[in-house]
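Participant: Got a structure for you, target.pdb, holding PDB, C-alpha atoms.
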```pdb
ATOM      1  CA  LEU A   1      56.569  -7.838 137.106
ATOM      2  CA  PHE A   2      58.786  -4.857 136.266
ATOM      3  CA  GLU A   3      60.336  -6.841 133.421
ATOM      4  CA  ARG A   4      56.878  -7.297 131.935
ATOM      5  CA  LEU A   5      56.079  -3.618 132.472
ATOM      6  CA  GLY A   6      59.179  -2.650 130.494
ATOM      7  CA  ARG A   7      60.920  -0.636 133.214
ATOM      8  CA  THR A   8      61.951  -0.631 136.848
ATOM      9  CA  TYR A   9      59.830   1.395 139.256
ATOM     10  CA  THR A  10      60.846   2.905 142.569
ATOM     11  CA  GLU A  11      58.578   2.020 145.455
ATOM     12  CA  LYS A  12      56.978   5.486 145.254
ATOM     13  CA  GLU A  13      56.467   5.268 141.479
ATOM     14  CA  PHE A  14      54.893   1.823 141.693
ATOM     15  CA  ASP A  15      52.675   2.924 144.578
ATOM     16  CA  GLU A  16      51.436   5.819 142.423
ATOM     17  CA  LEU A  17      50.813   3.508 139.434
ATOM     18  CA  CYS A  18      48.786   1.143 141.625
ATOM     19  CA  PHE A  19      46.771   4.054 143.019
ATOM     20  CA  GLU A  20      46.008   5.417 139.549
ATOM     21  CA  PHE A  21      44.927   1.976 138.361
ATOM     22  CA  GLY A  22      42.731   1.394 141.420
ATOM     23  CA  ILE A  23      44.653  -1.122 143.513
ATOM     24  CA  GLU A  24      46.755  -0.591 146.617
ATOM     25  CA  LEU A  25      50.393  -1.397 147.267
ATOM     26  CA  ASP A  26      50.010  -2.707 150.803
ATOM     27  CA  ASP A  27      53.622  -3.578 151.646
ATOM     28  CA  VAL A  28      57.101  -4.094 150.227
ATOM     29  CA  THR A  29      58.938  -6.890 151.982
ATOM     30  CA  SER A  30      60.985 -10.077 151.570
ATOM     31  CA  GLU A  31      60.600 -13.666 152.732
ATOM     32  CA  ALA A  32      63.303 -13.205 155.372
ATOM     33  CA  GLN A  33      61.676 -10.014 156.633
ATOM     34  CA  MET A  34      58.288 -11.751 156.888
ATOM     35  CA  GLU A  35      59.854 -14.614 158.862
ATOM     36  CA  GLN A  36      61.433 -12.126 161.267
ATOM     37  CA  ALA A  37      58.123 -10.295 161.625
ATOM     38  CA  LYS A  38      56.450 -13.570 162.696
ATOM     39  CA  LYS A  39      58.948 -13.664 165.567
ATOM     40  CA  GLY A  40      58.202 -10.063 166.477
ATOM     41  CA  VAL A  41      61.553  -8.851 165.173
ATOM     42  CA  GLU A  42      61.832  -5.792 162.961
ATOM     43  CA  ALA A  43      64.280  -6.179 160.092
ATOM     44  CA  GLU A  44      65.253  -4.447 156.867
ATOM     45  CA  ILE A  45      65.245  -6.073 153.440
ATOM     46  CA  GLY A  46      68.726  -7.498 153.003
ATOM     47  CA  GLU A  47      70.921  -6.719 150.020
ATOM     48  CA  GLY A  48      70.357  -9.236 147.238
ATOM     49  CA  GLU A  49      67.061 -10.513 148.690
ATOM     50  CA  GLU A  50      64.104 -10.887 146.355
ATOM     51  CA  VAL A  51      61.685  -8.027 146.983
ATOM     52  CA  LEU A  52      58.033  -9.008 147.410
ATOM     53  CA  TYR A  53      55.163  -6.623 146.710
ATOM     54  CA  LYS A  54      51.910  -7.183 148.571
ATOM     55  CA  ILE A  55      49.062  -5.718 146.529
ATOM     56  CA  ASP A  56      45.438  -5.420 147.630
ATOM     57  CA  ILE A  57      43.049  -6.053 144.740
ATOM     58  CA  PRO A  58      39.254  -5.830 144.434
ATOM     59  CA  ALA A  59      37.445  -8.986 145.527
ATOM     60  CA  ASN A  60      35.894  -9.546 142.092
ATOM     61  CA  ARG A  61      39.097  -9.135 140.046
ATOM     62  CA  TYR A  62      40.178 -12.765 139.874
ATOM     63  CA  ASP A  63      42.289 -11.922 136.820
ATOM     64  CA  LEU A  64      44.644  -9.933 139.061
ATOM     65  CA  LEU A  65      45.528 -12.956 141.209
ATOM     66  CA  CYS A  66      48.472 -13.942 138.993
ATOM     67  CA  LEU A  67      51.457 -12.231 137.405
ATOM     68  CA  GLU A  68      50.022 -12.683 133.919
ATOM     69  CA  GLY A  69      46.816 -10.897 134.799
ATOM     70  CA  ILE A  70      48.203  -7.970 136.774
ATOM     71  CA  ALA A  71      51.009  -7.342 134.257
ATOM     72  CA  ARG A  72      48.527  -7.427 131.358
ATOM     73  CA  ALA A  73      46.080  -5.109 133.128
ATOM     74  CA  LEU A  74      48.774  -2.556 133.959
ATOM     75  CA  ASN A  75      50.265  -2.705 130.464
ATOM     76  CA  VAL A  76      46.846  -2.061 128.887
ATOM     77  CA  PHE A  77      46.275   0.769 131.379
ATOM     78  CA  LEU A  78      49.636   2.300 130.440
ATOM     79  CA  GLY A  79      48.869   1.951 126.728
ATOM     80  CA  ARG A  80      51.791  -0.406 126.121
ATOM     81  CA  VAL A  81      49.659  -3.249 124.714
ATOM     82  CA  PRO A  82      46.159  -3.518 123.215
ATOM     83  CA  VAL A  83      43.259  -5.264 124.930
ATOM     84  CA  PRO A  84      43.609  -9.025 124.164
ATOM     85  CA  ALA A  85      41.132 -10.459 121.680
ATOM     86  CA  PHE A  86      40.177 -13.840 123.120
ATOM     87  CA  ARG A  87      38.684 -16.302 120.652
ATOM     88  CA  LEU A  88      37.587 -19.905 120.281
ATOM     89  CA  THR A  89      39.572 -21.922 117.768
ATOM     90  CA  GLY A  90      36.578 -23.548 116.061
ATOM     91  CA  PRO A  91      34.244 -26.503 116.583
ATOM     92  CA  PRO A  92      35.020 -28.680 119.638
ATOM     93  CA  ARG A  93      37.355 -31.618 119.109
ATOM     94  CA  GLU A  94      36.673 -33.132 122.551
ATOM     95  CA  THR A  95      33.430 -34.095 124.294
ATOM     96  CA  MET A  96      32.558 -34.443 127.986
ATOM     97  CA  THR A  97      29.367 -36.415 128.755
ATOM     98  CA  VAL A  98      27.725 -35.950 132.155
ATOM     99  CA  LYS A  99      26.027 -38.946 133.760
ATOM    100  CA  PRO A 100      22.710 -38.460 135.661
ATOM    101  CA  GLU A 101      24.161 -39.701 138.981
ATOM    102  CA  THR A 102      26.301 -36.552 139.292
ATOM    103  CA  MET A 103      23.109 -34.679 140.191
ATOM    104  CA  LEU A 104      23.347 -36.381 143.594
ATOM    105  CA  ILE A 105      26.682 -34.795 144.527
ATOM    106  CA  ARG A 106      28.251 -32.238 142.114
ATOM    107  CA  PRO A 107      26.115 -31.702 139.025
ATOM    108  CA  PHE A 108      28.073 -29.361 136.748
ATOM    109  CA  VAL A 109      31.230 -29.496 134.667
ATOM    110  CA  VAL A 110      32.764 -27.074 132.162
ATOM    111  CA  CYS A 111      35.900 -27.722 130.108
ATOM    112  CA  ALA A 112      38.431 -26.202 127.717
ATOM    113  CA  VAL A 113      41.716 -27.026 126.000
ATOM    114  CA  LEU A 114      44.839 -24.892 125.690
ATOM    115  CA  ARG A 115      46.782 -26.164 122.660
ATOM    116  CA  ASP A 116      50.510 -25.842 121.949
ATOM    117  CA  VAL A 117      51.357 -24.293 125.297
ATOM    118  CA  THR A 118      54.958 -23.474 126.190
ATOM    119  CA  PHE A 119      55.614 -23.377 129.923
ATOM    120  CA  THR A 120      58.680 -21.956 131.651
ATOM    121  CA  PRO A 121      59.422 -22.754 135.305
ATOM    122  CA  GLU A 122      57.979 -19.341 136.202
ATOM    123  CA  SER A 123      54.783 -19.615 134.146
ATOM    124  CA  TYR A 124      54.244 -23.210 135.280
ATOM    125  CA  ALA A 125      54.513 -22.135 138.934
ATOM    126  CA  SER A 126      52.101 -19.258 138.247
ATOM    127  CA  PHE A 127      49.647 -21.686 136.601
ATOM    128  CA  ILE A 128      49.568 -23.849 139.739
ATOM    129  CA  ASP A 129      49.493 -20.846 142.081
ATOM    130  CA  LEU A 130      46.482 -19.278 140.343
ATOM    131  CA  GLN A 131      44.506 -22.491 140.785
ATOM    132  CA  ASP A 132      45.318 -22.506 144.501
ATOM    133  CA  LYS A 133      44.221 -18.879 144.849
ATOM    134  CA  LEU A 134      40.978 -19.454 142.948
ATOM    135  CA  HIS A 135      40.254 -22.513 145.103
ATOM    136  CA  THR A 136      40.670 -20.321 148.182
ATOM    137  CA  ASN A 137      38.318 -17.499 147.192
ATOM    138  CA  ILE A 138      35.708 -17.795 144.413
ATOM    139  CA  CYS A 139      35.699 -21.613 144.699
ATOM    140  CA  ARG A 140      35.096 -21.335 148.479
ATOM    141  CA  GLN A 141      37.685 -23.958 149.417
ATOM    142  CA  ARG A 142      36.523 -26.174 146.535
ATOM    143  CA  THR A 143      32.946 -26.424 147.839
ATOM    144  CA  LEU A 144      31.567 -24.497 144.847
ATOM    145  CA  VAL A 145      34.178 -25.311 142.189
ATOM    146  CA  ALA A 146      37.182 -27.626 141.859
ATOM    147  CA  ILE A 147      39.728 -27.174 139.063
ATOM    148  CA  GLY A 148      41.467 -30.072 137.345
ATOM    149  CA  THR A 149      44.245 -29.570 134.774
ATOM    150  CA  HIS A 150      45.637 -32.456 132.746
ATOM    151  CA  ASP A 151      48.159 -33.355 130.072
ATOM    152  CA  LEU A 152      45.775 -34.054 127.202
ATOM    153  CA  ASP A 153      48.385 -36.063 125.286
ATOM    154  CA  THR A 154      48.273 -38.767 127.992
ATOM    155  CA  LEU A 155      44.494 -39.161 127.611
ATOM    156  CA  GLN A 156      42.002 -40.241 124.971
ATOM    157  CA  GLY A 157      38.602 -38.683 124.514
ATOM    158  CA  PRO A 158      35.670 -38.686 124.655
ATOM    159  CA  PHE A 159      35.433 -38.069 128.387
ATOM    160  CA  THR A 160      32.720 -38.826 130.942
ATOM    161  CA  TYR A 161      31.811 -37.219 134.226
ATOM    162  CA  GLU A 162      30.261 -39.784 136.559
ATOM    163  CA  ALA A 163      29.275 -40.432 140.169
ATOM    164  CA  LEU A 164      29.910 -43.912 141.580
ATOM    165  CA  PRO A 165      30.106 -45.641 144.973
ATOM    166  CA  PRO A 166      33.548 -44.798 146.449
ATOM    167  CA  GLN A 167      34.698 -48.418 146.585
ATOM    168  CA  GLU A 168      34.143 -48.758 142.820
ATOM    169  CA  ILE A 169      36.558 -45.947 141.877
ATOM    170  CA  SER A 170      40.215 -46.989 141.827
ATOM    171  CA  PHE A 171      43.254 -45.062 140.532
ATOM    172  CA  VAL A 172      46.758 -43.807 141.344
ATOM    173  CA  PRO A 173      46.390 -40.287 142.779
ATOM    174  CA  LEU A 174      48.808 -37.431 142.259
ATOM    175  CA  LYS A 175      52.145 -37.869 144.096
ATOM    176  CA  GLN A 176      51.401 -41.525 144.922
ATOM    177  CA  GLU A 177      52.673 -44.750 143.349
ATOM    178  CA  ARG A 178      49.900 -47.257 144.053
ATOM    179  CA  LYS A 179      46.199 -47.505 143.402
ATOM    180  CA  PHE A 180      43.655 -46.489 146.011
ATOM    181  CA  THR A 181      39.903 -46.723 146.004
ATOM    182  CA  CYS A 182      38.174 -43.454 146.819
ATOM    183  CA  ALA A 183      36.999 -45.006 150.083
ATOM    184  CA  GLU A 184      40.649 -45.658 150.982
ATOM    185  CA  LEU A 185      41.670 -42.150 149.960
ATOM    186  CA  MET A 186      39.112 -40.615 152.306
ATOM    187  CA  GLU A 187      40.922 -42.347 155.170
ATOM    188  CA  PHE A 188      44.423 -41.813 153.759
ATOM    189  CA  TYR A 189      44.025 -38.061 153.389
ATOM    190  CA  LYS A 190      42.832 -37.552 156.958
ATOM    191  CA  ALA A 191      46.537 -37.294 157.774
ATOM    192  CA  ASP A 192      47.277 -34.877 154.922
ATOM    193  CA  GLN A 193      47.531 -31.285 156.147
ATOM    194  CA  LYS A 194      46.432 -29.787 152.824
ATOM    195  CA  LEU A 195      43.774 -32.207 151.608
ATOM    196  CA  LYS A 196      42.037 -33.215 154.837
ATOM    197  CA  LYS A 197      40.130 -29.915 154.922
ATOM    198  CA  PHE A 198      38.269 -30.887 151.723
ATOM    199  CA  LEU A 199      37.100 -34.339 152.817
ATOM    200  CA  HIS A 200      33.970 -33.010 154.522
ATOM    201  CA  ILE A 201      32.586 -31.972 151.112
ATOM    202  CA  LEU A 202      32.002 -35.636 150.206
ATOM    203  CA  GLU A 203      31.588 -37.311 153.593
ATOM    204  CA  GLY A 204      28.309 -39.200 153.890
ATOM    205  CA  SER A 205      27.579 -39.215 150.152
ATOM    206  CA  PRO A 206      26.675 -42.625 148.663
ATOM    207  CA  VAL A 207      28.412 -41.658 145.408
ATOM    208  CA  PHE A 208      31.609 -39.732 144.636
ATOM    209  CA  PRO A 209      32.336 -37.697 141.496
ATOM    210  CA  VAL A 210      34.954 -38.949 139.036
ATOM    211  CA  LEU A 211      36.100 -38.071 135.507
ATOM    212  CA  TYR A 212      37.190 -40.766 133.041
ATOM    213  CA  ASP A 213      38.663 -40.802 129.565
ATOM    214  CA  ALA A 214      37.653 -43.303 126.852
ATOM    215  CA  LYS A 215      39.998 -45.946 128.308
ATOM    216  CA  ARG A 216      38.523 -45.533 131.820
ATOM    217  CA  THR A 217      41.638 -43.712 132.982
ATOM    218  CA  VAL A 218      40.765 -41.478 135.933
ATOM    219  CA  LEU A 219      41.457 -37.802 135.299
ATOM    220  CA  SER A 220      40.385 -36.625 138.721
ATOM    221  CA  PHE A 221      38.422 -37.340 141.866
ATOM    222  CA  PRO A 222      37.007 -33.865 142.530
ATOM    223  CA  PRO A 223      37.216 -31.917 144.711
ATOM    224  CA  ILE A 224      39.984 -33.967 146.385
ATOM    225  CA  ILE A 225      42.800 -34.973 144.017
ATOM    226  CA  ASN A 226      43.777 -35.439 140.380
ATOM    227  CA  GLY A 227      45.041 -38.696 138.940
ATOM    228  CA  ALA A 228      48.792 -39.161 138.544
ATOM    229  CA  HIS A 229      48.415 -40.477 134.992
ATOM    230  CA  SER A 230      47.509 -37.113 133.440
ATOM    231  CA  ALA A 231      49.620 -34.842 135.673
ATOM    232  CA  ILE A 232      50.906 -31.792 133.843
ATOM    233  CA  THR A 233      54.635 -31.023 133.728
ATOM    234  CA  LEU A 234      56.903 -28.352 132.274
ATOM    235  CA  ASP A 235      56.900 -30.375 129.052
ATOM    236  CA  THR A 236      53.103 -30.512 128.706
ATOM    237  CA  LYS A 237      51.992 -29.025 125.383
ATOM    238  CA  ASN A 238      48.213 -29.517 125.426
ATOM    239  CA  VAL A 239      46.301 -28.777 128.631
ATOM    240  CA  PHE A 240      42.817 -30.133 129.284
ATOM    241  CA  ILE A 241      40.987 -28.051 131.906
ATOM    242  CA  GLU A 242      37.869 -29.260 133.727
ATOM    243  CA  CYS A 243      35.966 -27.486 136.473
ATOM    244  CA  THR A 244      33.370 -29.498 138.384
ATOM    245  CA  ALA A 245      30.922 -27.528 140.467
ATOM    246  CA  THR A 246      27.778 -27.070 142.479
ATOM    247  CA  ASP A 247      27.492 -23.520 141.048
ATOM    248  CA  TYR A 248      27.516 -23.325 137.241
ATOM    249  CA  THR A 249      28.087 -19.564 137.071
ATOM    250  CA  LYS A 250      31.103 -19.724 139.375
ATOM    251  CA  ALA A 251      32.500 -22.652 137.365
ATOM    252  CA  SER A 252      32.223 -20.645 134.149
ATOM    253  CA  ILE A 253      33.999 -17.656 135.717
ATOM    254  CA  VAL A 254      36.805 -19.880 136.991
ATOM    255  CA  LEU A 255      37.262 -21.621 133.632
ATOM    256  CA  ASN A 256      37.267 -18.314 131.750
ATOM    257  CA  THR A 257      39.795 -16.854 134.185
ATOM    258  CA  VAL A 258      42.277 -19.721 133.842
ATOM    259  CA  CYS A 259      41.909 -19.733 130.044
ATOM    260  CA  ALA A 260      42.216 -15.959 129.742
ATOM    261  CA  MET A 261      45.332 -15.810 131.884
ATOM    262  CA  PHE A 262      47.291 -18.681 130.356
ATOM    263  CA  SER A 263      46.155 -18.774 126.732
ATOM    264  CA  GLU A 264      48.862 -16.149 126.172
ATOM    265  CA  TYR A 265      51.360 -19.020 126.247
ATOM    266  CA  CYS A 266      49.669 -20.878 123.370
ATOM    267  CA  ALA A 267      51.282 -20.914 119.927
ATOM    268  CA  GLN A 268      48.271 -18.810 118.896
ATOM    269  CA  PRO A 269      48.029 -16.382 121.830
ATOM    270  CA  PHE A 270      44.564 -15.988 123.370
ATOM    271  CA  ALA A 271      43.123 -18.825 121.256
ATOM    272  CA  ILE A 272      41.124 -21.336 123.322
ATOM    273  CA  GLU A 273      39.819 -24.671 122.092
ATOM    274  CA  PRO A 274      36.229 -25.312 123.233
ATOM    275  CA  VAL A 275      34.831 -28.589 124.530
ATOM    276  CA  ARG A 276      31.332 -29.959 123.911
ATOM    277  CA  VAL A 277      29.604 -30.793 127.198
ATOM    278  CA  VAL A 278      26.589 -33.136 126.996
ATOM    279  CA  ASP A 279      24.434 -32.829 130.096
ATOM    280  CA  ALA A 280      22.568 -35.584 131.927
ATOM    281  CA  GLU A 281      19.392 -34.893 129.911
ATOM    282  CA  GLY A 282      21.108 -35.065 126.520
ATOM    283  CA  GLY A 283      21.334 -31.335 125.911
ATOM    284  CA  HIS A 284      24.690 -29.880 125.054
ATOM    285  CA  THR A 285      26.672 -26.673 125.499
ATOM    286  CA  VAL A 286      30.058 -25.504 124.283
ATOM    287  CA  THR A 287      32.472 -24.220 126.907
ATOM    288  CA  PRO A 288      34.079 -21.841 127.636
ATOM    289  CA  ASP A 289      31.490 -19.190 126.828
ATOM    290  CA  LEU A 290      33.400 -16.132 125.584
ATOM    291  CA  SER A 291      30.328 -14.193 124.461
ATOM    292  CA  GLU A 292      30.188 -10.543 125.467
ATOM    293  CA  ALA A 293      27.273  -8.455 126.682
ATOM    294  CA  GLU A 294      27.051  -4.874 125.391
ATOM    295  CA  PHE A 295      25.639  -2.003 127.428
ATOM    296  CA  GLU A 296      25.024   1.639 126.638
ATOM    297  CA  VAL A 297      25.498   4.329 129.230
ATOM    298  CA  GLU A 298      24.494   7.971 129.266
ATOM    299  CA  ILE A 299      27.472  10.234 129.894
ATOM    300  CA  ALA A 300      25.267  12.629 131.877
ATOM    301  CA  LYS A 301      24.573   9.864 134.398
ATOM    302  CA  VAL A 302      28.282   9.031 134.608
ATOM    303  CA  ASN A 303      29.170  12.660 135.217
ATOM    304  CA  THR A 304      26.505  12.991 137.906
ATOM    305  CA  ALA A 305      27.799   9.876 139.659
ATOM    306  CA  VAL A 306      31.482  10.884 139.624
ATOM    307  CA  GLY A 307      31.057  14.641 139.951
ATOM    308  CA  HIS A 308      33.049  15.576 136.849
ATOM    309  CA  ALA A 309      32.154  16.740 133.327
ATOM    310  CA  PHE A 310      33.653  14.112 130.998
ATOM    311  CA  GLN A 311      33.096  13.969 127.265
ATOM    312  CA  ALA A 312      31.938  10.690 125.692
ATOM    313  CA  GLU A 313      35.330  10.219 123.978
ATOM    314  CA  GLU A 314      37.120  10.564 127.326
ATOM    315  CA  VAL A 315      34.878   7.988 128.993
ATOM    316  CA  ALA A 316      35.374   5.514 126.130
ATOM    317  CA  GLY A 317      39.133   6.010 126.381
ATOM    318  CA  MET A 318      39.202   5.426 130.131
ATOM    319  CA  LEU A 319      37.071   2.289 129.811
ATOM    320  CA  GLY A 320      39.486   1.004 127.181
ATOM    321  CA  LYS A 321      42.382   1.459 129.615
ATOM    322  CA  MET A 322      40.514  -0.911 131.954
ATOM    323  CA  GLN A 323      40.246  -3.589 129.214
ATOM    324  CA  LEU A 324      36.625  -2.740 128.377
ATOM    325  CA  ALA A 325      36.237  -2.270 124.636
ATOM    326  CA  SER A 326      34.142   0.899 124.246
ATOM    327  CA  ARG A 327      32.952   3.306 121.571
ATOM    328  CA  VAL A 328      30.912   6.485 121.327
ATOM    329  CA  ALA A 329      27.369   5.441 120.413
ATOM    330  CA  GLY A 330      25.677   8.667 119.433
ATOM    331  CA  GLU A 331      25.523  11.987 121.206
ATOM    332  CA  GLY A 332      26.127  11.680 124.925
ATOM    333  CA  ARG A 333      26.269   7.888 124.997
ATOM    334  CA  VAL A 334      28.974   5.228 125.163
ATOM    335  CA  ALA A 335      28.608   1.548 124.254
ATOM    336  CA  VAL A 336      30.659  -0.820 126.427
TER     337      VAL A 336
END
```
So, in terms of structure tokens, how does the structure I just supplied come out?
Facilitator:
Amino acid sequence: LFERLGRTYTEKEFDELCFEFGIELDDVTSEAQMEQAKKGVEAEIGEGEEVLYKIDIPANRYDLLCLEGIARALNVFLGRVPVPAFRLTGPPRETMTVKPETMLIRPFVVCAVLRDVTFTPESYASFIDLQDKLHTNICRQRTLVAIGTHDLDTLQGPFTYEALPPQEISFVPLKQERKFTCAELMEFYKADQKLKKFLHILEGSPVFPVLYDAKRTVLSFPPIINGAHSAITLDTKNVFIECTATDYTKASIVLNTVCAMFSEYCAQPFAIEPVRVVDAEGGHTVTPDLSEAEFEVEIAKVNTAVGHAFQAEEVAGMLGKMQLASRVAGEGRVAV
């Protein structure tokens, strides 16, 4: 983190930076110290140990759940970098068609592509970690949203999102070497400490959700497991992202978050390739939706709320430091 911030901070300096930004440095520790604490033993951080910073963030700031997001937010706040200009690369090259049967189990899907990505071991680990963290909170343990990421170069579009009887879906799941039907996987994963907690989401359903490419290769069996065929690696260059959901708004937030955080590693930073999604009734949308809503606020109301007499220019400047593009919109008003 300090490398990305361009300097090394003392614990006191970093605590003050967090406070000014609006987050809280909860603890400074190490893995060894945390292990000792579990045993009820107090210990100091050993020389040469990697220092871990525990930071409390607001519940709705999903962008701060990864190194990319928190480093970017602090750098914008410090004035070291401008606010990123996210953009779609043009008309969709890929299509996802939703079959009517998905309405019975998990009706929504949104997609995007990150082209010409360059992963390092650190950014790859962060990419996986962010998905786990999103699954835990906004996705509500995958009940509302499940994220699937795939090596697009191993697949062939167009894609379909379907719902079929579990015995009719067969594929090799991630980290396995043989094919299973989804009915078999529901039994197999009862012994898996990580995945067994998601099985209840589908139990009792006559159909299970599944995503296919044009060759009927399974991308994923959401919200349980991805297929091994399209697993991403450090060498993956083009990432296909799909989020299946019972809550369309949450799915859109999750997709936008993943794209916003990791599009910085594309050959064209912050450029995201959209995907055309055809719904079960034949209508279509383009995802992700990067449109912005503009609001105007009266500075007098702001000053009354915060108890300080700010000028419009000051308010616009402070909003900009929080990655909200703002401008003075007439006397006593700011457009955000």
Participant: Given the point (49.2, -47.3, 139.4) in the file's coordinates, find the residues that have an atom at most 12 Å from it, counting all atoms listed in the file, and give them as number ranges by chain.
Facilitator: A: 170-181, 217-218, 227-230
Participant: Could you tell me which residues the PyMOL selection byres ((chain A and resi 288-302) around 7) returns for this structure, as a PDB file with C-alpha atoms, in the frame of the given file?
Facilitator:
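And here's expr.pdb as it stands now:
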```
ATOM      1  CA  CYS A 111      35.900 -27.722 130.108  1.00  0.00           C
ATOM      2  CA  ALA A 112      38.431 -26.202 127.717  1.00  0.00           C
ATOM      3  CA  SER A 252      32.223 -20.645 134.149  1.00  0.00           C
ATOM      4  CA  LEU A 255      37.262 -21.621 133.632  1.00  0.00           C
ATOM      5  CA  ASN A 256      37.267 -18.314 131.750  1.00  0.00           C
ATOM      6  CA  PRO A 274      36.229 -25.312 123.233  1.00  0.00           C
ATOM      7  CA  VAL A 286      30.058 -25.504 124.283  1.00  0.00           C
ATOM      8  CA  THR A 287      32.472 -24.220 126.907  1.00  0.00           C
ATOM      9  CA  ASN A 303      29.170  12.660 135.217  1.00  0.00           C
ATOM     10  CA  THR A 304      26.505  12.991 137.906  1.00  0.00           C
ATOM     11  CA  ALA A 305      27.799   9.876 139.659  1.00  0.00           C
ATOM     12  CA  VAL A 306      31.482  10.884 139.624  1.00  0.00           C
ATOM     13  CA  ALA A 312      31.938  10.690 125.692  1.00  0.00           C
ATOM     14  CA  GLY A 332      26.127  11.680 124.925  1.00  0.00           C
ATOM     15  CA  ARG A 333      26.269   7.888 124.997  1.00  0.00           C
ATOM     16  CA  VAL A 334      28.974   5.228 125.163  1.00  0.00           C
ATOM     17  CA  ALA A 335      28.608   1.548 124.254  1.00  0.00           C
ATOM     18  CA  VAL A 336      30.659  -0.820 126.427  1.00  0.00           C
TER      19      VAL A 336
END
```
Participant: What's around Phe14 in chain A at 12 Å? Count all atoms listed in the file, leave out sequence neighbours fewer than 2 positions away in its own chain, and write the answer as a PyMOL selection string.
Facilitator: chain A and resi 1-2+5+7-12+16-21+23-28+53-55+74
Participant: What would the file look like if the residues just selected were written as a short mmCIF file (atom, residue, chain, number, x, y, z; two decimals), in the coordinates of the input with C-alpha atoms?
Facilitator:
```cif
data_model
loop_
_atom_site.label_atom_id
_atom_site.label_comp_id
_atom_site.auth_asym_id
_atom_site.auth_seq_id
_atom_site.Cartn_x
_atom_site.Cartn_y
_atom_site.Cartn_z
CA LEU A 1 56.57 -7.84 137.11
CA PHE A 2 58.79 -4.86 136.27
CA LEU A 5 56.08 -3.62 132.47
CA ARG A 7 60.92 -0.64 133.21
CA THR A 8 61.95 -0.63 136.85
CA TYR A 9 59.83 1.40 139.26
CA THR A 10 60.85 2.90 142.57
CA GLU A 11 58.58 2.02 145.46
CA LYS A 12 56.98 5.49 145.25
CA GLU A 16 51.44 5.82 142.42
CA LEU A 17 50.81 3.51 139.43
CA CYS A 18 48.79 1.14 141.62
CA PHE A 19 46.77 4.05 143.02
CA GLU A 20 46.01 5.42 139.55
CA PHE A 21 44.93 1.98 138.36
CA ILE A 23 44.65 -1.12 143.51
CA GLU A 24 46.76 -0.59 146.62
CA LEU A 25 50.39 -1.40 147.27
CA ASP A 26 50.01 -2.71 150.80
CA ASP A 27 53.62 -3.58 151.65
CA VAL A 28 57.10 -4.09 150.23
CA TYR A 53 55.16 -6.62 146.71
CA LYS A 54 51.91 -7.18 148.57
CA ILE A 55 49.06 -5.72 146.53
CA LEU A 74 48.77 -2.56 133.96
#
```
Participant: Near Cys259 in chain A, counting all atoms listed in the file, which residues have an atom at most 12 Å away, once you skip same-chain residues fewer than 3 positions from it, shown as a PyMOL selection string?
Facilitator: chain A and resi 63+68-69+86-88+110-115+117+127+130-131+147+149+239-243+252-256+262-266+269-274+287-290
Participant: Under the PyMOL selection byres ((chain A and resi 78) around 10), which residues of this model are included? Write them out as a PyMOL selection string.
Facilitator: chain A and resi 5+17+21+72-77+79-82+321-322
Participant: Can you give me, as a ChimeraX atom specification, the residues this file yields under the PyMOL selection byres ((chain A and resi 142) around 10)?
Facilitator: /A:132,134-141,143-147,197-198,201,222-224,244-246
Participant: Write the residues of the preceding selection, restricted to C-alpha atoms, as a PDB file, keeping the file's coordinate frame.
Facilitator:
```pdb
ATOM      1  CA  ASP A 132      45.318 -22.506 144.501  1.00  0.00           C
ATOM      2  CA  LEU A 134      40.978 -19.454 142.948  1.00  0.00           C
ATOM      3  CA  HIS A 135      40.254 -22.513 145.103  1.00  0.00           C
ATOM      4  CA  THR A 136      40.670 -20.321 148.182  1.00  0.00           C
ATOM      5  CA  ASN A 137      38.318 -17.499 147.192  1.00  0.00           C
ATOM      6  CA  ILE A 138      35.708 -17.795 144.413  1.00  0.00           C
ATOM      7  CA  CYS A 139      35.699 -21.613 144.699  1.00  0.00           C
ATOM      8  CA  ARG A 140      35.096 -21.335 148.479  1.00  0.00           C
ATOM      9  CA  GLN A 141      37.685 -23.958 149.417  1.00  0.00           C
ATOM     10  CA  THR A 143      32.946 -26.424 147.839  1.00  0.00           C
ATOM     11  CA  LEU A 144      31.567 -24.497 144.847  1.00  0.00           C
ATOM     12  CA  VAL A 145      34.178 -25.311 142.189  1.00  0.00           C
ATOM     13  CA  ALA A 146      37.182 -27.626 141.859  1.00  0.00           C
ATOM     14  CA  ILE A 147      39.728 -27.174 139.063  1.00  0.00           C
ATOM     15  CA  LYS A 197      40.130 -29.915 154.922  1.00  0.00           C
ATOM     16  CA  PHE A 198      38.269 -30.887 151.723  1.00  0.00           C
ATOM     17  CA  ILE A 201      32.586 -31.972 151.112  1.00  0.00           C
ATOM     18  CA  PRO A 222      37.007 -33.865 142.530  1.00  0.00           C
ATOM     19  CA  PRO A 223      37.216 -31.917 144.711  1.00  0.00           C
ATOM     20  CA  ILE A 224      39.984 -33.967 146.385  1.00  0.00           C
ATOM     21  CA  THR A 244      33.370 -29.498 138.384  1.00  0.00           C
ATOM     22  CA  ALA A 245      30.922 -27.528 140.467  1.00  0.00           C
ATOM     23  CA  THR A 246      27.778 -27.070 142.479  1.00  0.00           C
TER      24      THR A 246
END
```
Participant: Residues within 10 Å of Leu211 in chain A, please, as a PyMOL selection string. Count only C-alpha atoms; anything in the same chain fewer than 4 positions from it doesn't count.
Facilitator: chain A and resi 96-98+109+148+159-163+216-222+226-227+242+244
Participant: Can you measure CA of Lys133 in chain A to CA of Pro121 in chain A for me? One decimal in Å is fine.
Facilitator: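 Result for CA of Lys133 in chain A versus CA of Pro121 in chain A: 18.4 Å, one decimal.
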